[in-house]
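**Student:** Pasting query_33.cif below, which is mmCIF, C-alpha atoms.
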data_upload
#
loop_
_atom_site.group_PDB
_atom_site.id
_atom_site.type_symbol
_atom_site.label_atom_id
_atom_site.label_comp_id
_atom_site.auth_asym_id
_atom_site.auth_seq_id
_atom_site.Cartn_x
_atom_site.Cartn_y
_atom_site.Cartn_z
ATOM 1 C CA MET W 1 -3.780 17.406 60.224
ATOM 2 C CA ILE W 2 -7.353 17.067 58.981
ATOM 3 C CA GLN W 3 -7.195 20.244 56.893
ATOM 4 C CA ARG W 4 -4.000 19.333 55.068
ATOM 5 C CA CYS W 5 -5.325 15.843 54.333
ATOM 6 C CA GLU W 6 -8.890 16.744 53.359
ATOM 7 C CA ASN W 7 -9.072 20.366 52.236
ATOM 8 C CA PRO W 8 -7.700 20.867 48.701
ATOM 9 C CA ASN W 9 -7.636 24.640 49.359
ATOM 10 C CA THR W 10 -5.040 24.282 52.129
ATOM 11 C CA HIS W 11 -1.584 25.385 50.930
ATOM 12 C CA ASN W 12 0.129 22.073 51.739
ATOM 13 C CA TYR W 13 -2.700 19.741 50.681
ATOM 14 C CA LYS W 14 -0.580 18.512 47.730
ATOM 15 C CA ASP W 15 1.959 17.070 50.195
ATOM 16 C CA TYR W 16 -0.667 15.255 52.260
ATOM 17 C CA GLY W 17 -4.185 14.615 50.924
ATOM 18 C CA GLY W 18 -2.896 15.115 47.399
ATOM 19 C CA ARG W 19 -0.534 12.170 47.957
ATOM 20 C CA GLY W 20 -3.304 10.021 49.389
ATOM 21 C CA ILE W 21 -2.508 10.577 53.076
ATOM 22 C CA THR W 22 -5.671 10.273 55.189
ATOM 23 C CA VAL W 23 -6.727 10.691 58.812
ATOM 24 C CA CYS W 24 -8.283 7.639 60.460
ATOM 25 C CA ASP W 25 -12.003 7.911 61.186
ATOM 26 C CA GLU W 26 -11.639 7.823 64.976
ATOM 27 C CA TRP W 27 -9.321 10.873 65.002
ATOM 28 C CA HIS W 28 -12.061 13.011 63.497
ATOM 29 C CA ASN W 29 -13.505 12.962 67.026
ATOM 30 C CA PRO W 30 -11.392 15.463 69.048
ATOM 31 C CA VAL W 31 -12.044 13.655 72.331
ATOM 32 C CA VAL W 32 -10.737 10.374 70.925
ATOM 33 C CA PHE W 33 -7.670 12.106 69.475
ATOM 34 C CA ILE W 34 -6.912 13.926 72.747
ATOM 35 C CA ASP W 35 -7.267 10.692 74.717
ATOM 36 C CA TRP W 36 -4.822 8.976 72.320
ATOM 37 C CA ALA W 37 -2.423 11.932 72.526
ATOM 38 C CA LEU W 38 -2.337 11.967 76.314
ATOM 39 C CA ALA W 39 -1.902 8.201 76.500
ATOM 40 C CA ASN W 40 0.920 8.253 73.947
ATOM 41 C CA GLY W 41 3.431 10.757 75.237
ATOM 42 C CA TRP W 42 2.093 14.168 74.259
ATOM 43 C CA GLU W 43 3.987 16.974 75.976
ATOM 44 C CA GLU W 44 4.111 20.720 75.400
ATOM 45 C CA GLY W 45 6.479 21.447 72.514
ATOM 46 C CA LEU W 46 6.098 18.091 70.760
ATOM 47 C CA THR W 47 4.427 17.720 67.379
ATOM 48 C CA LEU W 48 2.597 14.872 65.721
ATOM 49 C CA ASP W 49 4.901 12.848 63.478
ATOM 50 C CA ARG W 50 4.068 10.041 61.064
ATOM 51 C CA ILE W 51 6.592 7.220 61.411
ATOM 52 C CA ASP W 52 6.119 6.191 57.767
ATOM 53 C CA ASN W 53 5.868 9.406 55.740
ATOM 54 C CA ASP W 54 3.819 7.615 53.117
ATOM 55 C CA GLY W 55 1.434 6.248 55.743
ATOM 56 C CA ASN W 56 -1.744 7.719 57.161
ATOM 57 C CA TYR W 57 -2.467 9.583 60.345
ATOM 58 C CA GLU W 58 -3.512 6.706 62.589
ATOM 59 C CA PRO W 59 -2.446 5.412 66.008
ATOM 60 C CA SER W 60 -0.088 2.737 64.677
ATOM 61 C CA ASN W 61 1.770 5.225 62.438
ATOM 62 C CA CYS W 62 2.047 8.287 64.665
ATOM 63 C CA ARG W 63 4.155 9.450 67.577
ATOM 64 C CA TRP W 64 5.023 12.681 69.356
ATOM 65 C CA ALA W 65 8.358 14.148 68.323
ATOM 66 C CA THR W 66 10.514 17.220 68.728
ATOM 67 C CA ARG W 67 11.095 19.521 65.756
ATOM 68 C CA LYS W 68 14.611 18.089 65.435
ATOM 69 C CA GLU W 69 13.249 14.534 65.288
ATOM 70 C CA GLN W 70 10.659 15.623 62.733
ATOM 71 C CA GLN W 71 13.332 17.190 60.522
ATOM 72 C CA ARG W 72 15.119 13.845 60.481
ATOM 73 C CA ASN W 73 11.964 12.064 59.333
ATOM 74 C CA ARG W 74 11.273 13.938 56.107
ATOM 75 C CA ARG W 75 10.831 12.203 52.800
ATOM 76 C CA ASN W 76 13.323 14.543 51.109
ATOM 77 C CA ASN W 77 16.148 13.673 53.505
ATOM 78 C CA HIS W 78 19.262 12.188 51.997
ATOM 79 C CA LEU W 79 19.823 8.866 53.790
ATOM 80 C CA ILE W 80 23.235 7.219 54.015
ATOM 81 C CA THR W 81 23.826 3.605 54.934
ATOM 82 C CA PHE W 82 27.262 2.695 56.211
ATOM 83 C CA ASP W 83 28.351 -0.367 58.152
ATOM 84 C CA GLY W 84 24.743 -1.557 58.424
ATOM 85 C CA LYS W 85 23.455 1.714 59.896
ATOM 86 C CA THR W 86 21.175 4.158 58.048
ATOM 87 C CA GLN W 87 20.980 7.808 59.078
ATOM 88 C CA THR W 88 20.434 11.228 57.547
ATOM 89 C CA VAL W 89 23.367 13.353 56.405
ATOM 90 C CA VAL W 90 22.862 15.552 59.477
ATOM 91 C CA GLN W 91 22.936 12.579 61.850
ATOM 92 C CA TRP W 92 26.107 11.165 60.275
ATOM 93 C CA ALA W 93 27.739 14.606 60.311
ATOM 94 C CA GLU W 94 27.002 14.963 64.018
ATOM 95 C CA GLU W 95 28.361 11.474 64.674
ATOM 96 C CA VAL W 96 31.671 12.041 62.857
ATOM 97 C CA ASN W 97 31.953 15.700 63.930
ATOM 98 C CA ILE W 98 31.909 17.454 60.560
ATOM 99 C CA SER W 99 29.412 19.909 59.131
ATOM 100 C CA PRO W 100 26.439 18.526 57.202
ATOM 101 C CA GLN W 101 27.408 20.783 54.276
ATOM 102 C CA THR W 102 30.902 19.257 54.133
ATOM 103 C CA LEU W 103 29.559 15.726 54.234
ATOM 104 C CA TYR W 104 26.910 16.447 51.589
ATOM 105 C CA SER W 105 29.536 18.045 49.311
ATOM 106 C CA ARG W 106 31.899 15.117 49.706
ATOM 107 C CA ILE W 107 29.167 12.728 48.608
ATOM 108 C CA SER W 108 27.161 14.715 46.051
ATOM 109 C CA LYS W 109 29.647 17.176 44.598
ATOM 110 C CA TYR W 110 32.929 15.279 44.826
ATOM 111 C CA HIS W 111 31.432 11.765 44.575
ATOM 112 C CA TRP W 112 33.567 10.344 47.360
ATOM 113 C CA PRO W 113 32.773 6.817 48.529
ATOM 114 C CA ILE W 114 30.689 6.884 51.728
ATOM 115 C CA GLU W 115 33.463 5.492 53.914
ATOM 116 C CA ARG W 116 35.957 8.138 52.792
ATOM 117 C CA ALA W 117 33.364 10.909 53.171
ATOM 118 C CA LEU W 118 32.712 9.847 56.756
ATOM 119 C CA VAL W 119 36.243 9.128 57.976
ATOM 120 C CA GLU W 120 38.596 11.547 56.209
ATOM 121 C CA PRO W 121 39.610 14.449 58.439
ATOM 122 C CA ILE W 122 38.693 18.004 57.496
ATOM 123 C CA GLY W 123 41.310 19.962 55.553
ATOM 124 C CA ARG W 124 44.449 18.942 53.768
ATOM 125 C CA PRO W 125 47.205 17.091 55.568
ATOM 126 C CA LYS W 126 50.073 19.379 56.546
ATOM 127 C CA HIS W 127 53.458 18.363 55.206
ATOM 128 C CA ALA W 128 56.610 18.895 57.222
ATOM 129 C CA SER W 129 58.975 21.373 55.608
#
Now that the file is in, can you turn its structure into structure tokens?
**Tutor:**
Amino acid sequence: MIQRCENPNTHNYKDYGGRGITVCDEWHNPVVFIDWALANGWEEGLTLDRIDNDGNYEPSNCRWATRKEQQRNRRNNHLITFDGKTQTVVQWAEEVNISPQTLYSRISKYHWPIERALVEPIGRPKHAS
């Protein structure tokens, strides 16, 4: 966290410190950070996630998340809002039981309206002969 925000020689600095993302002063003290982590849900296998991807590493903007949750909180995710609910393509695909690739193609390649992309069954309708 500190390296990618403060060390320009780190390979992913451009995505963190290079964008102005900082680490709060108190988290530079490992004891303070560990105390916060333990009091805020750290468990083996979880990773530190910024709630607002444009925000800093600080207690009010961080949480512990699984890799799957982290993947859904990336700034390059394609978000879809339908019926007042906003989710990633992957989340919508899981909800309507189609593949993310199919949903993405329906929206980006075929330019279907969101409602049609989410509700139309997979495949062509079969006609009676």
**Student:** Take the PyMOL selection byres ((chain W and resi 107) around 12), apply it to the structure above, and return the hits as a PDB file with C-alpha atoms, keeping the file's coordinate frame.
**Tutor:**
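part-v2.pdb, written as the output of this step:
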ATOM      1  CA  HIS W  78      19.262  12.188  51.997  1.00  0.00           C
ATOM      2  CA  LEU W  79      19.823   8.866  53.790  1.00  0.00           C
ATOM      3  CA  ILE W  80      23.235   7.219  54.015  1.00  0.00           C
ATOM      4  CA  VAL W  89      23.367  13.353  56.405  1.00  0.00           C
ATOM      5  CA  ALA W  93      27.739  14.606  60.311  1.00  0.00           C
ATOM      6  CA  PRO W 100      26.439  18.526  57.202  1.00  0.00           C
ATOM      7  CA  GLN W 101      27.408  20.783  54.276  1.00  0.00           C
ATOM      8  CA  THR W 102      30.902  19.257  54.133  1.00  0.00           C
ATOM      9  CA  LEU W 103      29.559  15.726  54.234  1.00  0.00           C
ATOM     10  CA  TYR W 104      26.910  16.447  51.589  1.00  0.00           C
ATOM     11  CA  SER W 105      29.536  18.045  49.311  1.00  0.00           C
ATOM     12  CA  ARG W 106      31.899  15.117  49.706  1.00  0.00           C
ATOM     13  CA  SER W 108      27.161  14.715  46.051  1.00  0.00           C
ATOM     14  CA  LYS W 109      29.647  17.176  44.598  1.00  0.00           C
ATOM     15  CA  TYR W 110      32.929  15.279  44.826  1.00  0.00           C
ATOM     16  CA  HIS W 111      31.432  11.765  44.575  1.00  0.00           C
ATOM     17  CA  TRP W 112      33.567  10.344  47.360  1.00  0.00           C
ATOM     18  CA  PRO W 113      32.773   6.817  48.529  1.00  0.00           C
ATOM     19  CA  ILE W 114      30.689   6.884  51.728  1.00  0.00           C
ATOM     20  CA  GLU W 115      33.463   5.492  53.914  1.00  0.00           C
ATOM     21  CA  ARG W 116      35.957   8.138  52.792  1.00  0.00           C
ATOM     22  CA  ALA W 117      33.364  10.909  53.171  1.00  0.00           C
ATOM     23  CA  LEU W 118      32.712   9.847  56.756  1.00  0.00           C
TER      24      LEU W 118
END
**Student:** For a test of reading the model, state the distance in Å between CA of Ser99 in chain W and CA of Asp54 in chain W, rounded to one decimal.
**Tutor:**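 CA of Ser99 in chain W sits 29.0 Å away from CA of Asp54 in chain W.
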**Student:** With distances taken over only C-alpha atoms, which of W:Asp52, W:Glu43, W:Glu58, W:Asp35 is nearest to Thr22 in chain W?
**Tutor:**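 The answer is W:Glu58, which sits nearest to Thr22 in chain W.
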**Student:** If you measure from CA of Arg67 in chain W to CA of Trp36 in chain W, what distance in Å do you get, rounded to one decimal?
**Tutor:** 20.2 Å
**Student:** Please identify all polymer residues within 12 Å of range 6-13 of chain W, counting all atoms listed in the file, omitting same-chain residues fewer than 3 positions from it, and present them as a list in words.
**Tutor:**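 In the requested form, the answer reads Met1, Ile2, Gln3, Tyr16, Gly17, Gly18, Arg19, Gly20, Ile21, Thr22, Val23, Cys24, His28 and Tyr57 of chain W.
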**Student:** So the first atom is CA of Val90 in chain W and the second is CA of Cys5 in chain W; what is the distance between them in Å, to one decimal place?
**Tutor:**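 According to the coordinates, CA of Val90 in chain W and CA of Cys5 in chain W are separated by 28.7 Å.
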**Student:** Give the answer as one residue: which of W:Gln71, W:Gln91, W:Thr81, W:Asn29 has the shortest atom-to-atom distance to Asn53 in chain W, using only C-alpha atoms?
**Tutor:**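 Distance minimum relative to Asn53 in chain W lands on W:Gln71.
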